[in-house]
Amino acid sequence: MPEETTNGTQAQTTLDICVAAGCLSCQGDLVKEALEKEIDARGLAERVAVRGVGCLGLCMAGPLLRVSPDGILYQAMVPEDAGEIVESIGKKPVKRLECDAEQSFFTRQVKIVLENSGEVDPDKLDDYTAVGGYDALAKAVGEMEPSEVISEMVTSGLRGRGGGGYPSGLKWGTVAKADGARKYVICNADEGDPGAFMDRSVLESDPFRVLEGMAIAGYAVGADSGYVYCRAEYPLAVKRLKNAIRQAERAGFLGSNICGSSFRFTVDIRLGAGAFVCGEETALISSIEGNRGSPRPRPPFPAASGLWDCPTLINNVETFANVAPIIRNGGEWFSGIGTEKSKGTKVFALAGRVQNTGLIEVPMGTVLRDIIFDIGGGIPDGRKFKAVQTGGPSGGCIPEQFLDMAVTYESLAQAGSIMGSGGMIVMDETSCMVDVARYFMEFCMTESCGKCVPCRVGTMQMHELLEKITQGRASMKDLDLLEELCEVVRFSSLCGLGQTSPNPVLSTLRYFRDEYLAHIRDHVCPAGVCKMKSPSKIHAEVA
Amino acid sequence: MQSDQTTVQGSKAGPAPPGAPGSDDRRWKLVSATMRRHGHSSQALIETLHTVQEVYGYLDDDSLKQVAHALGVPLSKVYGVATFYHFFTLKPQGEHTCVVCMGTACYIKGAPTLVAAVNEVAGISTGETTADGKLSLLSARCLGSCGLAPAVVMDGEVVGRIGDNDMKARITNWLESPGAEVANA
């Protein structure tokens, strides 16, 4: 799409530079300014436009710049490179800054959720509508009954992308059928999983898409207002979202008489305040109501009694981002992608000890090995793959023997982990799996809301035992106790945080038991991470 | 991330909360505006605390009392909420802040050694401020900048892929630079 220049003419060349948080923290904004200056200085303002766009995916190579229509991709620029880049327009590209756009990282992805990331300016509604944005909303409110929207969602087979994998169409149907004068739609953007940045990126790169999904959901279930509950730690996402709400309201895509119909829907933002438990839906609702984020027993589920006791639909950012294309292209189209039970694509945040760290979107059912070694480029520094951690603190570590597994909700569960929100942390032999389990248990311990005893006390005891093991002070009895506690905490905690907190321990015990034994019996950390006291010292302490 | 922190100014009698609420302090007007926007509903508590922290840098006692009064919420609940959420802080922060990301990617790529590096140079652990009020060391659950691991935020600026030595150099530079009070003296 030719971009308009500052004087209103159509540019012949557009320089799209990533302005998502990752690239901004690598001076992306300074590079953008420098490019603009160079273009002005050379009198090229009529031919060349500079545009800030959403995430281009390969965060490790930031800041990224794409030259259209030439299709050249540049990486890791500094402001001083601007002159050379502008000079090269229409001539030979600057070799030393070029990023191979044909590498598997880019070519093997299938983009639905991220289709506009890197394509549109997240601050401009016009950019979004130019690529068909809000067509789906107009189609839904103009041509479809709410029940038809829901049946399209059911047909699509979309499952909740926040981690649970509950069928979205079914959830929407339940809220639509619930009794209540008022209903609410909530977008869960409290991405608290350490090692996950999908929601952040979607909000920063394509905020209009999320709002469109929420409005369609509001129409389908009969709600007239919605909230985005977003992490306060994501100031850029909040800023872009605020701007997107304002622009959508002005253009009639939010507010009253949406797209000329009688449908009314408003969206407000509520800031999270750094509590992992608020990702749990009942805790999130409590937080929006101005209280501590403590979960409550379910049922009643929020679909029947949620925000201010009204029926409430809660979906994750990525789930809402899938809605517009499903309505636009039909549920059948969506269900044709992915596997039998896991439809569509999934966005993963690939990080850790892997060559290409960044954001990727692949069809469900893509093989783990392809994700890590082909798209991800493998393990750097000639080291060996050890495990991949998926699903954050509720997930687990998957060892080498599962590398040829197709990634679906079911297969991950079978391997002792979960999809979670989609964080994938790759580890090599420099990581100690007992230490990793201790790390996650410390996380769960400090993030426990404290309401129920198994989680509050259990995670603390488990952390203490893991601490003992990593310090070489534990006995085999401690290991037995740890395993017993895993079961107790799993089965008796009130909410998902507690119920899933033993997962990292259980999965590392299952696949890396020998590392636990090495710590306990031999007082040795095979990866050399844990600092052991020498056995003689321990004996002295005991004596 | 932490908003720009208010500098602790040097009166030894203990710093008065920067701009006592109720005064004609401009900052308090912003807090009032937030409460007004939500109709002084008790449900506006968290939003209000966000504004207090944004404008004062932390949640001081007087502000908490004032907010409790204005929203008709028991002070115990205001404290309960303020201490439940990690983003809120009841202590004033130092002149400079360094937030080390403790997300999984940063952790396995060496965040703990960064904390140790700061500890070595400044003698403070996570959550502490140096005695001279120069530096606060904080940790974040995850900045969502995993591609840049290990990442830290230094006075609001995200610095990715930082090494122990670079970290030490930056912190030493802060500690040795003349502070606001010294410069004014």
# chains A, B, ... in the order shown; residues from 1 in each chain; ligands from 1
>>> select_by_dssp(residues="chain B", states="strand (DSSP E or B)", output="list in words")
His96, Thr97, Cys98, Val99, Val100, Cys101, Thr129, Leu135, Ser136, Leu137, Leu138, Ser139, Ala140, Val152, Val153, Met154, Glu157, Val158 and Val159 of chain B
>>> closest_atom_pairs(of="chain B", to="chain A", cutoff="10 Å", atoms="only C-alpha atoms", output="tab-separated table")
residue	atom	partner	partner_atom	distance
B:Met1	CA	A:Glu233	CA	4.6
B:Gln2	CA	A:Glu233	CA	7.8
B:Ser3	CA	A:Pro235	CA	9.6
B:Ser41	CA	A:Gly290	CA	9.3
B:Ser42	CA	A:Gly290	CA	6.8
B:Gln43	CA	A:Gly290	CA	4.3
B:Ala44	CA	A:Gly290	CA	5.9
B:Leu45	CA	A:Gly290	CA	5.3
B:Ile46	CA	A:Gly290	CA	5.5
B:Glu47	CA	A:Leu271	CA	7.0
B:Thr48	CA	A:Gly290	CA	9.7
B:Leu49	CA	A:Ala273	CA	9.7
B:His50	CA	A:Ala273	CA	8.1
B:Lys77	CA	A:Asn291	CA	8.2
B:Val78	CA	A:Asn291	CA	8.9
B:Gly80	CA	A:Arg292	CA	7.3
B:Val81	CA	A:Arg292	CA	5.2
B:Ala82	CA	A:Arg292	CA	8.6
B:Thr83	CA	A:Arg292	CA	9.2
B:Phe84	CA	A:Arg292	CA	6.4
B:Tyr85	CA	A:Ala273	CA	5.4
B:His86	CA	A:Gly274	CA	5.0
B:Phe87	CA	A:Ala273	CA	4.9
B:Phe88	CA	A:Ala273	CA	7.0
B:Cys101	CA	A:Pro194	CA	9.4
B:Met102	CA	A:Pro194	CA	7.8
B:Gly103	CA	A:Pro194	CA	4.5
B:Thr104	CA	A:Gly195	CA	5.2
B:Ala105	CA	A:Gly352	CA	4.7
B:Cys106	CA	A:Gly352	CA	7.6
B:Tyr107	CA	A:Tyr439	CA	8.5
B:Ile108	CA	A:Ser431	CA	6.6
B:Lys109	CA	A:Gly352	CA	7.0
B:Ala140	CA	A:Glu233	CA	8.9
B:Arg141	CA	A:Pro194	CA	6.3
B:Cys142	CA	A:Pro194	CA	5.0
B:Leu143	CA	A:Glu233	CA	7.0
B:Gly144	CA	A:Phe197	CA	4.7
B:Ser145	CA	A:Gly22	CA	5.8
B:Cys146	CA	A:Ala351	CA	6.0
B:Gly147	CA	A:Thr357	CA	5.1
B:Leu148	CA	A:Met60	CA	6.4
B:Ala149	CA	A:Gly352	CA	7.6
B:Pro150	CA	A:Gly352	CA	9.5
B:Ala151	CA	A:Ser25	CA	9.8
B:Val153	CA	A:Ser25	CA	9.7
B:Glu157	CA	A:Ser25	CA	7.3
B:Val158	CA	A:Ser25	CA	5.4
B:Val159	CA	A:Ser25	CA	6.6
B:Gly160	CA	A:Ser25	CA	7.3
B:Arg161	CA	A:Met60	CA	9.6
>>> residues_around(residues="Asp61 of chain B", least_positions_apart="2", cutoff="12 Å", atoms="only C-alpha atoms", output="list in words")
Ala16, Pro17, Pro18, Ala20, Pro21, Leu49, Val52, Gln53, Tyr56, Tyr58, Leu59, Ser63, Leu64, Lys65, Gln66, Val67, Ala68, Leu75, Val78, Tyr79, Ala82, Thr89, Leu90, Lys91 and Pro92 of chain B
>>> write_last_selection(atoms="N, CA, C and O atoms", output="compact mmCIF listing (two decimals), in the first residue's frame")
# COMPACT_ATOMS: atom_id res chain seq x y z
N ALA B 16 8.79 15.31 54.18
CA ALA B 16 7.34 15.47 54.16
C ALA B 16 6.89 14.85 52.85
O ALA B 16 7.63 14.88 51.88
N PRO B 17 5.71 14.24 52.85
CA PRO B 17 5.26 13.69 51.57
C PRO B 17 5.30 14.80 50.53
O PRO B 17 4.85 15.91 50.82
N PRO B 18 5.88 14.52 49.40
CA PRO B 18 6.04 15.57 48.41
C PRO B 18 4.69 16.16 48.04
O PRO B 18 3.96 15.55 47.26
N ALA B 20 1.71 17.66 50.35
CA ALA B 20 0.70 16.99 51.16
C ALA B 20 -0.65 17.12 50.49
O ALA B 20 -1.02 18.18 50.01
N PRO B 21 -1.41 16.01 50.44
CA PRO B 21 -2.71 16.06 49.82
C PRO B 21 -3.60 17.07 50.53
O PRO B 21 -3.48 17.27 51.74
N LEU B 49 -5.07 4.79 43.10
CA LEU B 49 -3.71 4.51 43.61
C LEU B 49 -2.68 4.61 42.47
O LEU B 49 -1.56 5.08 42.67
N VAL B 52 -1.93 8.25 42.14
CA VAL B 52 -1.10 8.74 43.25
C VAL B 52 0.35 8.36 43.00
O VAL B 52 1.26 9.19 43.10
N GLN B 53 0.57 7.09 42.64
CA GLN B 53 1.94 6.64 42.45
C GLN B 53 2.59 7.33 41.24
O GLN B 53 3.77 7.62 41.24
N TYR B 56 3.26 11.09 42.58
CA TYR B 56 4.15 11.28 43.72
C TYR B 56 5.35 10.33 43.72
O TYR B 56 6.26 10.48 44.51
N TYR B 58 5.41 7.35 44.76
CA TYR B 58 5.09 6.23 45.67
C TYR B 58 3.80 6.58 46.40
O TYR B 58 3.27 7.67 46.24
N LEU B 59 3.30 5.60 47.20
CA LEU B 59 2.07 5.83 47.93
C LEU B 59 2.42 6.26 49.35
O LEU B 59 2.79 5.43 50.17
N SER B 63 -1.55 10.36 51.56
CA SER B 63 -2.36 10.15 50.37
C SER B 63 -3.32 8.98 50.56
O SER B 63 -4.49 9.05 50.19
N LEU B 64 -2.79 7.90 51.17
CA LEU B 64 -3.64 6.72 51.36
C LEU B 64 -4.84 7.08 52.25
O LEU B 64 -5.97 6.68 51.97
N LYS B 65 -4.57 7.86 53.31
CA LYS B 65 -5.66 8.26 54.20
C LYS B 65 -6.69 9.10 53.45
O LYS B 65 -7.89 8.93 53.59
N GLN B 66 -6.15 10.03 52.70
CA GLN B 66 -7.01 10.95 51.96
C GLN B 66 -7.88 10.19 50.94
O GLN B 66 -9.06 10.45 50.79
N VAL B 67 -7.25 9.23 50.26
CA VAL B 67 -7.98 8.44 49.26
C VAL B 67 -9.07 7.63 49.95
O VAL B 67 -10.22 7.56 49.48
N ALA B 68 -8.72 7.03 51.11
CA ALA B 68 -9.70 6.23 51.86
C ALA B 68 -10.92 7.09 52.21
O ALA B 68 -12.07 6.69 52.02
N LEU B 75 -9.60 2.43 55.70
CA LEU B 75 -8.16 2.57 55.47
C LEU B 75 -7.49 1.19 55.39
O LEU B 75 -6.56 0.96 54.62
N VAL B 78 -7.68 0.00 51.96
CA VAL B 78 -6.76 0.73 51.08
C VAL B 78 -5.35 0.17 51.23
O VAL B 78 -4.66 -0.10 50.25
N TYR B 79 -4.92 -0.07 52.50
CA TYR B 79 -3.60 -0.66 52.73
C TYR B 79 -3.55 -2.08 52.15
O TYR B 79 -2.55 -2.50 51.57
N ALA B 82 -3.18 -1.78 48.45
CA ALA B 82 -1.89 -1.19 48.08
C ALA B 82 -0.74 -2.18 48.29
O ALA B 82 0.23 -2.18 47.54
N THR B 89 4.21 0.82 45.48
CA THR B 89 5.27 0.87 46.47
C THR B 89 4.95 1.93 47.53
O THR B 89 4.46 3.01 47.21
N LEU B 90 5.21 1.58 48.78
CA LEU B 90 4.92 2.51 49.87
C LEU B 90 6.17 3.29 50.28
O LEU B 90 6.14 4.08 51.22
N LYS B 91 7.28 3.00 49.61
CA LYS B 91 8.53 3.67 49.98
C LYS B 91 8.98 4.59 48.86
O LYS B 91 8.86 4.24 47.68
N PRO B 92 9.52 5.76 49.20
CA PRO B 92 10.04 6.62 48.13
C PRO B 92 11.24 5.96 47.47
O PRO B 92 12.00 5.24 48.13
>>> select_by_dssp(residues="segment 85-137 of chain A", states="alpha helix (DSSP H)", output="PyMOL selection string")
chain A and resi 85-88+104-107+125-130+135-137
>>> closest_residue(among="A:Gly118, A:Gly173, A:Gly165, A:Pro502", to="Cys444 of chain A", atoms="only C-alpha atoms")
A:Pro502
>>> residues_around(residues="Ser342 of chain A", least_positions_apart="5", cutoff="8 Å", atoms="only C-alpha atoms", output="list in words")
Gly157, Leu158, Arg159, Met364, Gly365, Thr408 and Tyr409 of chain A
>>> residues_around(residues="segment 311-313 of chain A", least_positions_apart="5", cutoff="9 Å", atoms="only C-alpha atoms", output="list in words")
Lys171, Trp172, Thr174, Val175, Ala176, Ala178, Asp179, Gly180, Arg182, Lys183, Tyr184, Val185, Ile186, Cys187, Ala217, Gly218, Val221, Ala223, Phe301, Pro302, Ala303, Ala304, Ser305 and Gly306 of chain A
>>> write_last_selection(atoms="N, CA, C and O atoms", output="mmCIF file, in the first residue's frame")
data_model
loop_
_atom_site.group_PDB
_atom_site.id
_atom_site.type_symbol
_atom_site.label_atom_id
_atom_site.label_comp_id
_atom_site.auth_asym_id
_atom_site.auth_seq_id
_atom_site.Cartn_x
_atom_site.Cartn_y
_atom_site.Cartn_z
ATOM 1 N N LYS A 171 -18.361 -20.793 25.004
ATOM 2 C CA LYS A 171 -18.368 -19.761 26.047
ATOM 3 C C LYS A 171 -19.269 -18.603 25.627
ATOM 4 O O LYS A 171 -20.081 -18.127 26.422
ATOM 5 N N TRP A 172 -19.116 -18.178 24.381
ATOM 6 C CA TRP A 172 -19.941 -17.064 23.887
ATOM 7 C C TRP A 172 -21.424 -17.429 23.974
ATOM 8 O O TRP A 172 -22.252 -16.623 24.385
ATOM 9 N N THR A 174 -22.880 -19.522 25.994
ATOM 10 C CA THR A 174 -23.339 -19.556 27.390
ATOM 11 C C THR A 174 -23.666 -18.155 27.876
ATOM 12 O O THR A 174 -24.685 -17.929 28.526
ATOM 13 N N VAL A 175 -22.781 -17.191 27.555
ATOM 14 C CA VAL A 175 -23.033 -15.811 28.000
ATOM 15 C C VAL A 175 -24.260 -15.251 27.283
ATOM 16 O O VAL A 175 -25.097 -14.574 27.891
ATOM 17 N N ALA A 176 -24.410 -15.565 26.004
ATOM 18 C CA ALA A 176 -25.557 -15.060 25.250
ATOM 19 C C ALA A 176 -26.867 -15.556 25.856
ATOM 20 O O ALA A 176 -27.853 -14.829 25.911
ATOM 21 N N ALA A 178 -27.301 -16.479 29.008
ATOM 22 C CA ALA A 178 -27.458 -16.144 30.427
ATOM 23 C C ALA A 178 -28.459 -15.014 30.625
ATOM 24 O O ALA A 178 -28.589 -14.141 29.775
ATOM 25 N N ASP A 179 -29.170 -15.079 31.766
ATOM 26 C CA ASP A 179 -30.131 -14.013 32.089
ATOM 27 C C ASP A 179 -29.399 -12.842 32.711
ATOM 28 O O ASP A 179 -28.573 -13.026 33.590
ATOM 29 N N GLY A 180 -29.725 -11.662 32.299
ATOM 30 C CA GLY A 180 -29.109 -10.492 32.922
ATOM 31 C C GLY A 180 -29.445 -9.257 32.107
ATOM 32 O O GLY A 180 -29.363 -9.286 30.878
ATOM 33 N N ARG A 182 -27.816 -6.520 32.159
ATOM 34 C CA ARG A 182 -26.554 -6.009 31.619
ATOM 35 C C ARG A 182 -25.566 -7.147 31.509
ATOM 36 O O ARG A 182 -25.534 -8.042 32.352
ATOM 37 N N LYS A 183 -24.750 -7.109 30.480
ATOM 38 C CA LYS A 183 -23.681 -8.097 30.331
ATOM 39 C C LYS A 183 -22.397 -7.354 29.988
ATOM 40 O O LYS A 183 -22.444 -6.239 29.479
ATOM 41 N N TYR A 184 -21.281 -8.008 30.286
ATOM 42 C CA TYR A 184 -19.994 -7.364 30.023
ATOM 43 C C TYR A 184 -19.074 -8.267 29.212
ATOM 44 O O TYR A 184 -19.183 -9.495 29.260
ATOM 45 N N VAL A 185 -18.171 -7.610 28.503
ATOM 46 C CA VAL A 185 -17.108 -8.333 27.793
ATOM 47 C C VAL A 185 -15.790 -7.853 28.379
ATOM 48 O O VAL A 185 -15.573 -6.648 28.523
ATOM 49 N N ILE A 186 -14.926 -8.786 28.759
ATOM 50 C CA ILE A 186 -13.622 -8.392 29.297
ATOM 51 C C ILE A 186 -12.516 -9.004 28.456
ATOM 52 O O ILE A 186 -12.560 -10.185 28.119
ATOM 53 N N CYS A 187 -11.547 -8.180 28.124
ATOM 54 C CA CYS A 187 -10.358 -8.684 27.444
ATOM 55 C C CYS A 187 -9.258 -8.827 28.488
ATOM 56 O O CYS A 187 -8.854 -7.852 29.120
ATOM 57 N N ALA A 217 -17.872 -9.561 19.795
ATOM 58 C CA ALA A 217 -18.286 -10.407 20.920
ATOM 59 C C ALA A 217 -19.444 -9.749 21.666
ATOM 60 O O ALA A 217 -20.416 -10.419 22.047
ATOM 61 N N GLY A 218 -19.351 -8.439 21.875
ATOM 62 C CA GLY A 218 -20.405 -7.711 22.574
ATOM 63 C C GLY A 218 -21.738 -7.845 21.840
ATOM 64 O O GLY A 218 -22.786 -8.100 22.445
ATOM 65 N N VAL A 221 -23.064 -11.575 22.250
ATOM 66 C CA VAL A 221 -23.585 -12.021 23.553
ATOM 67 C C VAL A 221 -24.587 -11.039 24.159
ATOM 68 O O VAL A 221 -25.205 -11.343 25.171
ATOM 69 N N ALA A 223 -23.870 -7.656 25.044
ATOM 70 C CA ALA A 223 -23.257 -6.740 26.016
ATOM 71 C C ALA A 223 -23.110 -5.367 25.386
ATOM 72 O O ALA A 223 -22.926 -5.256 24.174
ATOM 73 N N PHE A 301 -19.804 -19.584 37.370
ATOM 74 C CA PHE A 301 -18.786 -19.100 36.438
ATOM 75 C C PHE A 301 -19.129 -17.677 36.010
ATOM 76 O O PHE A 301 -20.294 -17.285 36.052
ATOM 77 N N PRO A 302 -18.092 -16.920 35.610
ATOM 78 C CA PRO A 302 -18.364 -15.549 35.191
ATOM 79 C C PRO A 302 -19.410 -15.457 34.071
ATOM 80 O O PRO A 302 -20.124 -14.471 33.972
ATOM 81 N N ALA A 303 -19.509 -16.515 33.263
ATOM 82 C CA ALA A 303 -20.508 -16.487 32.186
ATOM 83 C C ALA A 303 -21.917 -16.328 32.758
ATOM 84 O O ALA A 303 -22.797 -15.757 32.114
ATOM 85 N N ALA A 304 -22.125 -16.808 33.982
ATOM 86 C CA ALA A 304 -23.435 -16.649 34.610
ATOM 87 C C ALA A 304 -23.437 -15.461 35.566
ATOM 88 O O ALA A 304 -24.377 -14.676 35.604
ATOM 89 N N SER A 305 -22.357 -15.315 36.340
ATOM 90 C CA SER A 305 -22.295 -14.241 37.321
ATOM 91 C C SER A 305 -20.848 -13.755 37.429
ATOM 92 O O SER A 305 -20.035 -14.383 38.075
ATOM 93 N N GLY A 306 -20.568 -12.668 36.769
ATOM 94 C CA GLY A 306 -19.194 -12.173 36.716
ATOM 95 C C GLY A 306 -19.050 -10.787 37.268
ATOM 96 O O GLY A 306 -19.323 -10.556 38.458
#
>>> closest_residue(among="B:Leu135, B:Val55, B:Ile162, B:Met154", to="Thr113 of chain B", atoms="only C-alpha atoms")
B:Ile162
>>> atom_distance(atom1="atom CA of Thr266 of chain A", atom2="atom CA of Leu241 of chain A")
13.2 Å
>>> residues_around(residues="Glu400 of chain A", least_positions_apart="4", cutoff="9 Å", atoms="only C-alpha atoms", output="list in words")
Phe385, Lys386, Ala387, Val388 and Asp404 of chain A
>>> residues_around(residues="Glu361 of chain A", least_positions_apart="5", cutoff="12 Å", atoms="only C-alpha atoms", output="ChimeraX atom specification")
/A:56-58,105-115,117,198,202,318,338,344-350,366,371,375-376,422-423
>>> closest_residue(among="A:Thr339, A:Gly163, A:Val228, A:Gly382", to="Ser417 of chain A", atoms="only C-alpha atoms")
A:Gly163
>>> closest_residue(among="B:Leu71, B:Ala122, B:Val31, B:Cys98", to="Leu138 of chain B", atoms="only C-alpha atoms")
B:Cys98
>>> decode(residues="segment 314-370 of chain A", atoms="C-alpha atoms", output="PDB file, in the first residue's frame")
ATOM      1  CA  ILE A 314     -13.767 -13.086  29.400  1.00  0.00           C
ATOM      2  CA  ASN A 315     -11.363 -13.876  26.597  1.00  0.00           C
ATOM      3  CA  ASN A 316      -7.672 -13.352  26.129  1.00  0.00           C
ATOM      4  CA  VAL A 317      -6.105 -10.789  23.748  1.00  0.00           C
ATOM      5  CA  GLU A 318      -5.117 -13.390  21.175  1.00  0.00           C
ATOM      6  CA  THR A 319      -8.575 -14.977  21.244  1.00  0.00           C
ATOM      7  CA  PHE A 320     -10.196 -11.625  20.429  1.00  0.00           C
ATOM      8  CA  ALA A 321      -7.590 -10.994  17.728  1.00  0.00           C
ATOM      9  CA  ASN A 322      -8.788 -14.175  15.971  1.00  0.00           C
ATOM     10  CA  VAL A 323     -12.423 -13.063  15.825  1.00  0.00           C
ATOM     11  CA  ALA A 324     -12.394 -10.565  12.941  1.00  0.00           C
ATOM     12  CA  PRO A 325     -10.771 -12.930  10.403  1.00  0.00           C
ATOM     13  CA  ILE A 326     -13.161 -15.712  11.432  1.00  0.00           C
ATOM     14  CA  ILE A 327     -16.193 -13.506  10.781  1.00  0.00           C
ATOM     15  CA  ARG A 328     -14.633 -12.138   7.591  1.00  0.00           C
ATOM     16  CA  ASN A 329     -13.626 -15.491   6.100  1.00  0.00           C
ATOM     17  CA  GLY A 330     -16.048 -17.821   7.845  1.00  0.00           C
ATOM     18  CA  GLY A 331     -15.633 -20.444  10.534  1.00  0.00           C
ATOM     19  CA  GLU A 332     -15.052 -23.193   7.930  1.00  0.00           C
ATOM     20  CA  TRP A 333     -11.957 -21.412   6.675  1.00  0.00           C
ATOM     21  CA  PHE A 334     -10.495 -21.198  10.172  1.00  0.00           C
ATOM     22  CA  SER A 335     -11.228 -24.807  11.037  1.00  0.00           C
ATOM     23  CA  GLY A 336      -9.333 -25.869   7.923  1.00  0.00           C
ATOM     24  CA  ILE A 337      -6.101 -24.703   9.574  1.00  0.00           C
ATOM     25  CA  GLY A 338      -4.413 -26.644  12.357  1.00  0.00           C
ATOM     26  CA  THR A 339      -5.267 -30.108  13.639  1.00  0.00           C
ATOM     27  CA  GLU A 340      -8.515 -31.910  14.341  1.00  0.00           C
ATOM     28  CA  LYS A 341      -8.920 -30.680  17.907  1.00  0.00           C
ATOM     29  CA  SER A 342      -6.627 -27.649  17.895  1.00  0.00           C
ATOM     30  CA  LYS A 343      -7.714 -25.282  15.142  1.00  0.00           C
ATOM     31  CA  GLY A 344      -6.072 -22.242  13.677  1.00  0.00           C
ATOM     32  CA  THR A 345      -2.667 -20.832  14.460  1.00  0.00           C
ATOM     33  CA  LYS A 346      -0.847 -20.042  17.675  1.00  0.00           C
ATOM     34  CA  VAL A 347       1.450 -17.154  18.440  1.00  0.00           C
ATOM     35  CA  PHE A 348       4.528 -18.153  20.407  1.00  0.00           C
ATOM     36  CA  ALA A 349       7.083 -15.979  22.136  1.00  0.00           C
ATOM     37  CA  LEU A 350      10.306 -17.786  21.369  1.00  0.00           C
ATOM     38  CA  ALA A 351      13.067 -16.842  23.807  1.00  0.00           C
ATOM     39  CA  GLY A 352      15.910 -18.165  25.883  1.00  0.00           C
ATOM     40  CA  ARG A 353      18.865 -20.083  24.453  1.00  0.00           C
ATOM     41  CA  VAL A 354      17.740 -20.007  20.846  1.00  0.00           C
ATOM     42  CA  GLN A 355      19.250 -18.224  17.856  1.00  0.00           C
ATOM     43  CA  ASN A 356      16.182 -16.312  16.650  1.00  0.00           C
ATOM     44  CA  THR A 357      14.317 -14.908  19.605  1.00  0.00           C
ATOM     45  CA  GLY A 358      11.098 -13.187  18.764  1.00  0.00           C
ATOM     46  CA  LEU A 359       7.446 -13.579  18.018  1.00  0.00           C
ATOM     47  CA  ILE A 360       6.207 -16.297  15.686  1.00  0.00           C
ATOM     48  CA  GLU A 361       2.836 -17.542  14.489  1.00  0.00           C
ATOM     49  CA  VAL A 362       2.509 -21.102  13.199  1.00  0.00           C
ATOM     50  CA  PRO A 363      -0.394 -23.447  12.482  1.00  0.00           C
ATOM     51  CA  MET A 364      -1.388 -25.649  15.392  1.00  0.00           C
ATOM     52  CA  GLY A 365       0.286 -29.012  14.973  1.00  0.00           C
ATOM     53  CA  THR A 366       3.650 -27.639  13.884  1.00  0.00           C
ATOM     54  CA  VAL A 367       6.417 -29.923  15.077  1.00  0.00           C
ATOM     55  CA  LEU A 368       8.476 -28.678  18.025  1.00  0.00           C
ATOM     56  CA  ARG A 369      11.740 -29.387  16.220  1.00  0.00           C
ATOM     57  CA  ASP A 370      10.662 -27.165  13.306  1.00  0.00           C
TER      58      ASP A 370
END
